Amino acid sequence: MVGDLSKSEREALKAIYRHTKNGTEAHTGDLAETLGLSPGTVTATVKRLADRSLVVHRPYHGVSLTAEGSRAAVAAIRRHRIVERFLADMLGYPWNEADRLAPTFEHDLPAEVEERLFVALNRPATCPHGFPIPEPEQDHIPEMPQLYELEVGDRAEIAVPGQTDPDVIHFLDDLGVRPGVHIQVLEKHPFDGPLVLRVAGEDRTLGERIARQIYVRTLNGDGDPALTGTNKEKAKQ
């Protein structure tokens, strides 16, 4: 399915997926802003996707993915993250540059080349930003909590979105807070106060606004994934 979609259709599917993760519909105006296109252009793309039964479009209300559309969107995200890993691991690009460069050629890859890249990269579990690379045919990607959702004592592995402000990335880099780095929450001050983290043996302080721009994969004491905070509540449902 992903192989016969156009670049604009794949990018639209990825944007719709990200805008509908909380169960709401995506609005064409928001999609247009995300994609850097006019609302009219986005509406035309959405109509093509609806004709292929990949989305449900309710004019003046919003857009949602069908089950097949969700699988196509996740497949497109998987391809993007594999290409990001190729750019970072094999070509030496900084992790925060991989997101910008990947769309310039990811859409032209045959599926067999995508798979060979994945194998050549030793089947990575995450993209350079620290977000998971989904399995083939997966129809959703598990949510990662924000760093600020953790509690004192929690341990986690850092993930930083590619769209993060470069000044914020530079600030985090100075603190050693980079994708893949393991941290532990030492203090969480009340009333939206700052977090104190242990990072590579050093204590680092992050304000609430910055901590909400960072995502994490929670870990147990042995460095394995664990259910912590928000994830515990989701597991009970």
# chains A, B, ... in the order shown; residues from 1 in each chain; ligands from 1
>>> select_by_dssp(residues="range 39-69 of chain A", states="strand (DSSP E or B)", output="MDAnalysis selection string")
chainID A and resid 55:58 62:65
>>> write_last_selection(atoms="C-alpha atoms", output="mmCIF file, in the first residue's frame")
data_model
loop_
_atom_site.group_PDB
_atom_site.id
_atom_site.type_symbol
_atom_site.label_atom_id
_atom_site.label_comp_id
_atom_site.auth_asym_id
_atom_site.auth_seq_id
_atom_site.Cartn_x
_atom_site.Cartn_y
_atom_site.Cartn_z
ATOM 1 C CA VAL A 55 -9.342 8.246 5.576
ATOM 2 C CA VAL A 56 -12.830 9.388 6.478
ATOM 3 C CA HIS A 57 -13.350 13.048 5.581
ATOM 4 C CA ARG A 58 -16.254 14.948 7.085
ATOM 5 C CA GLY A 62 -12.356 16.817 10.256
ATOM 6 C CA VAL A 63 -10.393 13.840 9.016
ATOM 7 C CA SER A 64 -9.752 10.455 10.630
ATOM 8 C CA LEU A 65 -7.897 7.348 9.512
#
>>> residues_around(residues="Leu87 in chain A", least_positions_apart="4", cutoff="8 Å", atoms="only C-alpha atoms", output="list in words")
Val83, Leu91, Gly92, Tyr93, Ala98 and Ala102 of chain A
>>> atom_distance(atom1="CA of Glu84 in chain A", atom2="CA of Glu115 in chain A")
13.8 Å
>>> atom_distance(atom1="CA of Leu150 in chain A", atom2="CA of Asp192 in chain A")
12.5 Å
>>> residues_around(residues="Val185 in chain A", least_positions_apart="6", cutoff="8 Å", atoms="only C-alpha atoms", output="list in words")
Leu150, Glu151, Val152, Gly153, Asp154, Arg155, Leu195, Val196, Leu197 and Arg198 of chain A
>>> residues_around(residues="Phe131 in chain A", least_positions_apart="2", cutoff="10 Å", atoms="only C-alpha atoms", output="list in words")
Arg81, Ala125, Thr126, Cys127, Pro128, His129, Ile133, Pro134, Ile141, Pro142, Glu143, Met144, Ile158, Ala159, Val160, Pro161, Pro179, Gly180, Tyr215, Val216 and Arg217 of chain A
>>> write_last_selection(atoms="C-alpha atoms", output="PDB file, in the first residue's frame")
ATOM      1  CA  ARG A  81      12.564   6.426  10.788  1.00  0.00           C
ATOM      2  CA  ALA A 125      14.670  -0.510  17.542  1.00  0.00           C
ATOM      3  CA  THR A 126      14.558   3.290  17.435  1.00  0.00           C
ATOM      4  CA  CYS A 127      15.176   6.229  15.123  1.00  0.00           C
ATOM      5  CA  PRO A 128      18.044   8.634  15.924  1.00  0.00           C
ATOM      6  CA  HIS A 129      15.618  10.771  17.968  1.00  0.00           C
ATOM      7  CA  ILE A 133      10.595   1.962  14.703  1.00  0.00           C
ATOM      8  CA  PRO A 134       7.276   0.103  14.363  1.00  0.00           C
ATOM      9  CA  ILE A 141       2.749   3.163  17.659  1.00  0.00           C
ATOM     10  CA  PRO A 142       2.759   2.986  21.469  1.00  0.00           C
ATOM     11  CA  GLU A 143       2.642   6.405  23.068  1.00  0.00           C
ATOM     12  CA  MET A 144       5.672   7.667  24.946  1.00  0.00           C
ATOM     13  CA  ILE A 158      15.383  10.111  26.324  1.00  0.00           C
ATOM     14  CA  ALA A 159      13.692  10.849  22.976  1.00  0.00           C
ATOM     15  CA  VAL A 160      13.683  14.325  21.417  1.00  0.00           C
ATOM     16  CA  PRO A 161      11.384  15.252  18.470  1.00  0.00           C
ATOM     17  CA  PRO A 179      18.357  10.859  22.453  1.00  0.00           C
ATOM     18  CA  GLY A 180      19.195   7.460  23.916  1.00  0.00           C
ATOM     19  CA  TYR A 215       9.612  12.154  25.533  1.00  0.00           C
ATOM     20  CA  VAL A 216      10.829   9.047  27.298  1.00  0.00           C
ATOM     21  CA  ARG A 217      10.883   5.273  27.230  1.00  0.00           C
TER      22      ARG A 217
END
>>> closest_residue(among="A:Ala76, A:Ala32, A:Ala200, A:Ala67", to="Gln184 in chain A", atoms="only C-alpha atoms")
A:Ala200
